[in-house]
Amino acid sequence: MATAVPLLIPLSQLSRAVTDWVESVRALTQPAGVRWCEGTEEEYGELTSKLIREGELVKLNAEHFPDCHLYRSSPSDVARVEHLTYICTNSREDAGPNNNWMDPKQARAKMRELFRGCMRGRTLYVIPYCMGPIASPLSRCGVEITDSAYVALNMMVMTRVGRPALERIARDGKFVRGLHSIGELDPNRRFIMHFPEELAIESFGSGYGGNALLGKKCHALRIASWQARSEGWLAEHMLIVGLESPEGETHYIACAFPSACGKTNLAMLIPPASLPGWKVFTVGDDIAWLHPGSDGRLWAINPEAGYFGVVPGTNPETNRNAYQMIRRETLFTNVALTADNQPWWEGLPTGAPVVDWQGRPYDASKGPAAHPNSRFTVTARRNPSYSPRAEDPRGVPISAIVFGGRRREVAPLVYEALSWRHGVLVGASVASETTAAAVGQVGVVRRDPMAMQPFCGYNFADYWRHWLTVGARLSRAPKIFHVNWFRRAPRGRFLWPGFGDNLRVLAWMLDRCSGRAGAAESAIGLLPRPEDLNTQGLDLGQQELRALLSVDPALWRKEVADIRTYLKTYGSRLPPELLGELEATERRLG
Ligand code: GTP
Ligand code: SPV
Ligand code: MN
């Protein structure tokens, strides 16, 4: 007997609200055709073949990198553009001094003119997606409309695209509207606009990363942080990792480090041989949605389904998991090529670049072969350390929150906050050297509170207030720590080996959480004494270890003064608790 084939309702008829919106965008942008994305493997293959035919994608060496492709972006479109990113709230104060602001009516009008007729001759892709496991009450949905097939491919890997998302939207009746066009890729006609009050994003003129994959920073951080405040949770720029000790105890920690400061690497670290018995499970590498649970703990999901990771520096020594992961089914952006069509980047121990990231013959005098912000896009399922709990609709319970920055001096390797409230000050005070993840100067120290400076969708003062409120609701709040893997010796080399050896620091944190490890008090918080860190098998002198764990009172008095100046820019909206904690730190410094 023949089995009946179920009659599928066309995607375009599942949700009237989505269909109406698509129709209004179609009328405005005038595309040659409309394609509703199902998120299937066949569709991924079809779009890939189309881009290869059109010369936009290069198929890589099939023997060494099966099913891998290279995409080269426009050379003036290689990173997030913070100066062109706006939060458009009715009240300017709601966006805060941490954001560029534009009046929503003015912004809408400006974008309308840019979008008018911009998709003529192009295909309009409708991408319904879910951020988070499809069955999780903590997940949220959106629809991105884009005229870039490359963006569509990335979204299919990074989010859960297709019918189940649209069915959920039809049930929820609510979704984030993300409208994107590459326009003419003209940096002078480029804007990334957010309308948190309307759950809407409008992005024009860039096809790269966080500017264009609207589920990622635009939705899952800027819009979600706004939603999270009104709903009582937190949307954060954090990795989530599970650590199983040799005794079989598993803890999950969430770490907020600024862009290109080590989240992906920490999320999939490989324990050093001298620390046998530890196991590491990646839940997420960039974004965490954290919800207070009925048990008084904080529970986290990773809203993403893939990784958009920094390529340079990835090698078998620093990150064998990532190196293995990106050898198949990976979309590379802006890396170099070897003579036999393999991808190449700085930090690879083998091979040599012949063609640079712009497709030119490689010439060392013209800069690095791979762009410093070149990226891989790959499904999380290819990660050898992918946690089965990443798909758990309840999420995972968080034992510790870790803030961090990239600083050659001042911040020690690790310290523990004295309380949640002190921890919020520690997070609010994070400073870090800028990186290639955003357009602009690299290596300049700036304040990057909770690693959210580019991503918080509202006034930081209100955000810190919200952190204090969430903490007050937790009877079993995570402990809060601060780390710095990037302290340098006077000659400039990194003092700490980093990567897999970071587990030694995490192990101390977990022992602190279970009350097993010692610590010494300092003015800024609790630090491990040299004997509290497991340094077995580590090639690190006593003098270096002492330098890593030192707190220089003179440097810190200056740091506290800087932090006060920064916090004061938030005026009367700043929670007084933070200044109280800062004054206590100052008293302890003497
Ligand atoms: P985004 O994707 O931009 O959010 O970056 P990320 O925070 O995930 O950073 P990632 O793990 O990709 O690391 C960025 C760069 O820092 C890479 O070049 C890494 O090789 C380097 N890096 C990561 N961890 C360490 C570490 O522990 N020590 C040192 N010295 N470098 C590190
Ligand atoms: C970051 O810059 O923090 C990233 C890359 O993770 S992007 O997707 O471009 O935001
Ligand atoms: Mn990031």
# chains A, B, ... in the order shown; residues from 1 in each chain; ligands from 1
>>> residues_near_ligand(ligand="ligand 2", cutoff="7 Å", atoms="only C-alpha atoms and all ligand atoms", output="PyMOL selection string")
chain A and resi 79-80+208-211+216-217+258-260+286+308-309+437-438
>>> write_last_selection(atoms="N, CA, C and O atoms", output="mmCIF file, in the first residue's frame")
data_model
loop_
_atom_site.group_PDB
_atom_site.id
_atom_site.type_symbol
_atom_site.label_atom_id
_atom_site.label_comp_id
_atom_site.auth_asym_id
_atom_site.auth_seq_id
_atom_site.Cartn_x
_atom_site.Cartn_y
_atom_site.Cartn_z
ATOM 1 N N ALA A 79 34.320 43.693 8.709
ATOM 2 C CA ALA A 79 34.133 43.627 10.163
ATOM 3 C C ALA A 79 32.893 44.439 10.543
ATOM 4 O O ALA A 79 32.348 45.186 9.728
ATOM 5 N N ARG A 80 32.492 44.292 11.820
ATOM 6 C CA ARG A 80 31.367 45.092 12.307
ATOM 7 C C ARG A 80 31.720 46.574 12.252
ATOM 8 O O ARG A 80 32.874 46.967 12.409
ATOM 9 N N TYR A 208 28.688 41.598 5.847
ATOM 10 C CA TYR A 208 29.628 40.869 6.705
ATOM 11 C C TYR A 208 29.129 40.616 8.120
ATOM 12 O O TYR A 208 28.621 41.534 8.775
ATOM 13 N N GLY A 209 29.333 39.420 8.604
ATOM 14 C CA GLY A 209 29.200 39.044 10.019
ATOM 15 C C GLY A 209 28.055 39.713 10.747
ATOM 16 O O GLY A 209 26.915 39.739 10.280
ATOM 17 N N GLY A 210 28.401 40.258 11.903
ATOM 18 C CA GLY A 210 27.406 40.847 12.786
ATOM 19 C C GLY A 210 26.605 41.983 12.159
ATOM 20 O O GLY A 210 25.524 42.306 12.640
ATOM 21 N N ASN A 211 27.087 42.558 11.060
ATOM 22 C CA ASN A 211 26.311 43.601 10.382
ATOM 23 C C ASN A 211 25.142 43.016 9.604
ATOM 24 O O ASN A 211 24.171 43.728 9.328
ATOM 25 N N LYS A 216 22.333 37.085 14.897
ATOM 26 C CA LYS A 216 23.446 37.032 15.840
ATOM 27 C C LYS A 216 23.461 38.258 16.755
ATOM 28 O O LYS A 216 22.729 38.332 17.734
ATOM 29 N N LYS A 217 24.294 39.253 16.475
ATOM 30 C CA LYS A 217 24.441 40.357 17.425
ATOM 31 C C LYS A 217 23.200 41.259 17.447
ATOM 32 O O LYS A 217 22.787 41.729 18.502
ATOM 33 N N PRO A 258 35.417 40.213 25.416
ATOM 34 C CA PRO A 258 35.138 41.006 24.214
ATOM 35 C C PRO A 258 35.471 40.237 22.931
ATOM 36 O O PRO A 258 36.121 39.188 22.967
ATOM 37 N N SER A 259 35.042 40.786 21.802
ATOM 38 C CA SER A 259 35.257 40.151 20.507
ATOM 39 C C SER A 259 36.738 39.851 20.280
ATOM 40 O O SER A 259 37.598 40.688 20.571
ATOM 41 N N ALA A 260 36.998 38.668 19.761
ATOM 42 C CA ALA A 260 38.356 38.194 19.471
ATOM 43 C C ALA A 260 39.243 38.176 20.724
ATOM 44 O O ALA A 260 40.430 38.469 20.657
ATOM 45 N N ASP A 286 29.510 32.089 21.885
ATOM 46 C CA ASP A 286 29.458 33.544 21.676
ATOM 47 C C ASP A 286 28.326 34.237 22.433
ATOM 48 O O ASP A 286 28.507 35.352 22.900
ATOM 49 N N PHE A 308 30.625 31.249 14.139
ATOM 50 C CA PHE A 308 31.196 32.186 13.170
ATOM 51 C C PHE A 308 32.496 32.636 13.840
ATOM 52 O O PHE A 308 32.537 33.641 14.533
ATOM 53 N N GLY A 309 33.554 31.825 13.659
ATOM 54 C CA GLY A 309 34.745 31.982 14.498
ATOM 55 C C GLY A 309 35.928 32.603 13.782
ATOM 56 O O GLY A 309 36.064 32.507 12.557
ATOM 57 N N ALA A 437 37.899 42.565 15.137
ATOM 58 C CA ALA A 437 36.490 42.178 14.957
ATOM 59 C C ALA A 437 35.610 43.371 14.601
ATOM 60 O O ALA A 437 34.509 43.199 14.096
ATOM 61 N N ALA A 438 36.085 44.576 14.900
ATOM 62 C CA ALA A 438 35.337 45.773 14.513
ATOM 63 C C ALA A 438 36.271 46.690 13.727
ATOM 64 O O ALA A 438 37.487 46.696 13.945
#
>>> residues_around(residues="Arg171 (chain A)", least_positions_apart="2", cutoff="12 Å", atoms="only C-alpha atoms", output="ChimeraX atom specification")
/A:14-17,140-141,164-169,173-175
>>> residues_around(residues="Gly367 (chain A)", least_positions_apart="4", cutoff="12 Å", atoms="only C-alpha atoms", output="VMD selection string")
chain A and resid 336 346 356 to 358 360 362 to 363 371 to 372
>>> select_by_dssp(residues="region 120-277 of chain A", states="strand (DSSP E or B)", output="NGL selection string")
:A and (123-131 or 140-146 or 160-161 or 176-181 or 191-195 or 200-204 or 234-236 or 239-244 or 250-256)
>>> closest_atom_pairs(of="chain A", to="ligand 1", cutoff="9 Å", atoms="only C-alpha atoms and all ligand atoms", output="CSV")
residue,atom,partner,partner_atom_place_in_ligand_line,distance
A:His237,CA,ligand 1,4 (O),7.7
A:Met238,CA,ligand 1,7 (O),8.5
A:Leu239,CA,ligand 1,8 (O),8.0
A:Ala256,CA,ligand 1,7 (O),8.1
A:Phe257,CA,ligand 1,7 (O),5.7
A:Pro258,CA,ligand 1,7 (O),5.8
A:Ser259,CA,ligand 1,3 (O),3.5
A:Ala260,CA,ligand 1,5 (O),3.2
A:Cys261,CA,ligand 1,7 (O),4.1
A:Gly262,CA,ligand 1,11 (O),3.2
A:Lys263,CA,ligand 1,7 (O),3.6
A:Thr264,CA,ligand 1,11 (O),3.7
A:Asn265,CA,ligand 1,11 (O),3.9
A:Leu266,CA,ligand 1,11 (O),6.4
A:Ala267,CA,ligand 1,11 (O),7.9
A:Asp285,CA,ligand 1,8 (O),6.3
A:Asp286,CA,ligand 1,4 (O),5.7
A:Ile287,CA,ligand 1,4 (O),8.7
A:Tyr307,CA,ligand 1,2 (O),8.1
A:Phe308,CA,ligand 1,2 (O),6.4
A:Gly309,CA,ligand 1,2 (O),4.9
A:Val310,CA,ligand 1,12 (O),4.3
A:Val311,CA,ligand 1,18 (O),7.1
A:Pro312,CA,ligand 1,18 (O),5.3
A:Gly313,CA,ligand 1,20 (O),4.0
A:Thr314,CA,ligand 1,20 (O),5.7
A:Asn315,CA,ligand 1,20 (O),8.4
A:Thr318,CA,ligand 1,20 (O),6.7
A:Asn319,CA,ligand 1,20 (O),8.1
A:Gly347,CA,ligand 1,20 (O),8.2
A:Pro372,CA,ligand 1,18 (O),8.2
A:Asn373,CA,ligand 1,3 (O),8.0
A:Arg375,CA,ligand 1,2 (O),8.3
A:Thr435,CA,ligand 1,3 (O),8.3
A:Ala436,CA,ligand 1,3 (O),8.3
A:Ala437,CA,ligand 1,3 (O),5.4
A:Ala438,CA,ligand 1,3 (O),8.6
A:Asn484,CA,ligand 1,27 (O),8.6
A:Trp485,CA,ligand 1,27 (O),5.2
A:Phe486,CA,ligand 1,30 (N),5.7
A:Arg487,CA,ligand 1,30 (N),8.7
A:Arg493,CA,ligand 1,30 (N),8.9
A:Phe494,CA,ligand 1,30 (N),6.1
A:Leu495,CA,ligand 1,30 (N),8.7
A:Trp496,CA,ligand 1,28 (N),7.2
A:Pro497,CA,ligand 1,28 (N),6.3
A:Gly498,CA,ligand 1,27 (O),3.3
A:Phe499,CA,ligand 1,27 (O),3.9
A:Gly500,CA,ligand 1,27 (O),7.5
A:Asp501,CA,ligand 1,27 (O),7.8
A:Asn502,CA,ligand 1,27 (O),6.3
>>> residues_around(residues="Ser432 (chain A)", least_positions_apart="4", cutoff="10 Å", atoms="only C-alpha atoms", output="MDAnalysis selection string")
chainID A and resid 257:259 261 404:408 411 443:449 451 484 486
>>> closest_residue(among="A:Thr569, A:Thr89, A:Ser522, A:Thr350", to="Thr585 (chain A)", atoms="only C-alpha atoms")
A:Ser522
>>> closest_residue(among="A:Leu114, A:Ala170, A:Cys68, A:Leu413", to="Leu185 (chain A)", atoms="only C-alpha atoms")
A:Leu114
>>> closest_residue(among="A:Leu8, A:Val470, A:Ile145, A:Met452", to="ligand 3", atoms="only C-alpha atoms and all ligand atoms")
A:Met452
>>> decode(residues="region 21-101 of chain A", atoms="C-alpha atoms", output="CSV table (one decimal), in the first residue's frame")
chain,number,residue,atom,x,y,z
A,21,TRP,CA,5.4,41.9,6.1
A,22,VAL,CA,7.2,40.1,3.2
A,23,GLU,CA,4.7,41.6,0.8
A,24,SER,CA,5.3,45.1,2.0
A,25,VAL,CA,9.1,44.6,1.8
A,26,ARG,CA,8.7,43.1,-1.7
A,27,ALA,CA,6.7,46.2,-2.8
A,28,LEU,CA,9.3,48.5,-1.4
A,29,THR,CA,12.5,46.7,-2.6
A,30,GLN,CA,11.2,45.4,-6.0
A,31,PRO,CA,13.1,42.0,-6.2
A,32,ALA,CA,13.1,39.8,-9.3
A,33,GLY,CA,11.8,36.9,-7.2
A,34,VAL,CA,11.0,35.8,-3.6
A,35,ARG,CA,12.4,32.6,-2.1
A,36,TRP,CA,11.2,31.2,1.3
A,37,CYS,CA,14.1,29.3,2.9
A,38,GLU,CA,13.4,25.8,4.3
A,39,GLY,CA,16.9,25.3,5.8
A,40,THR,CA,17.4,21.9,4.3
A,41,GLU,CA,20.7,20.4,3.1
A,42,GLU,CA,19.4,20.3,-0.5
A,43,GLU,CA,18.7,24.0,-0.3
A,44,TYR,CA,22.2,24.7,1.1
A,45,GLY,CA,23.7,22.7,-1.8
A,46,GLU,CA,21.6,24.6,-4.3
A,47,LEU,CA,22.6,28.0,-3.1
A,48,THR,CA,26.2,27.0,-2.9
A,49,SER,CA,26.2,25.8,-6.5
A,50,LYS,CA,24.5,29.0,-7.6
A,51,LEU,CA,27.2,31.1,-5.9
A,52,ILE,CA,30.0,28.9,-7.4
A,53,ARG,CA,28.5,29.4,-10.9
A,54,GLU,CA,28.3,33.1,-10.3
A,55,GLY,CA,32.0,33.2,-9.2
A,56,GLU,CA,31.1,34.4,-5.6
A,57,LEU,CA,32.3,31.1,-3.9
A,58,VAL,CA,35.4,29.1,-4.5
A,59,LYS,CA,35.3,25.4,-3.9
A,60,LEU,CA,38.3,24.3,-1.8
A,61,ASN,CA,40.6,21.3,-2.2
A,62,ALA,CA,38.1,18.4,-2.0
A,63,GLU,CA,40.7,15.9,-0.8
A,64,HIS,CA,41.8,17.9,2.3
A,65,PHE,CA,38.8,20.1,2.8
A,66,PRO,CA,35.7,18.3,1.5
A,67,ASP,CA,32.6,20.4,1.1
A,68,CYS,CA,34.4,23.5,2.1
A,69,HIS,CA,34.1,26.9,0.3
A,70,LEU,CA,35.8,30.3,0.3
A,71,TYR,CA,33.9,33.6,0.1
A,72,ARG,CA,35.7,36.9,-0.3
A,73,SER,CA,33.9,39.9,1.0
A,74,SER,CA,34.3,43.4,-0.4
A,75,PRO,CA,37.7,44.6,0.9
A,76,SER,CA,35.9,47.6,2.6
A,77,ASP,CA,33.4,45.3,4.3
A,78,VAL,CA,35.4,43.0,6.6
A,79,ALA,CA,34.1,43.6,10.2
A,80,ARG,CA,31.4,45.1,12.3
A,81,VAL,CA,30.9,48.9,12.0
A,82,GLU,CA,30.2,50.2,15.5
A,83,HIS,CA,30.2,53.8,14.3
A,84,LEU,CA,27.3,53.1,11.9
A,85,THR,CA,25.3,51.0,14.3
A,86,TYR,CA,22.3,52.8,16.0
A,87,ILE,CA,19.7,52.1,18.7
A,88,CYS,CA,16.6,54.0,17.7
A,89,THR,CA,14.4,54.3,20.8
A,90,ASN,CA,11.8,57.0,21.3
A,91,SER,CA,13.7,58.5,24.2
A,92,ARG,CA,17.4,59.1,23.6
A,93,GLU,CA,18.2,58.4,27.3
A,94,ASP,CA,16.9,54.8,26.8
A,95,ALA,CA,19.7,54.2,24.4
A,96,GLY,CA,22.2,55.7,26.7
A,97,PRO,CA,25.7,57.2,26.2
A,98,ASN,CA,26.9,53.7,25.3
A,99,ASN,CA,25.0,53.8,22.0
A,100,ASN,CA,24.7,55.8,18.8
A,101,TRP,CA,21.1,57.1,18.8
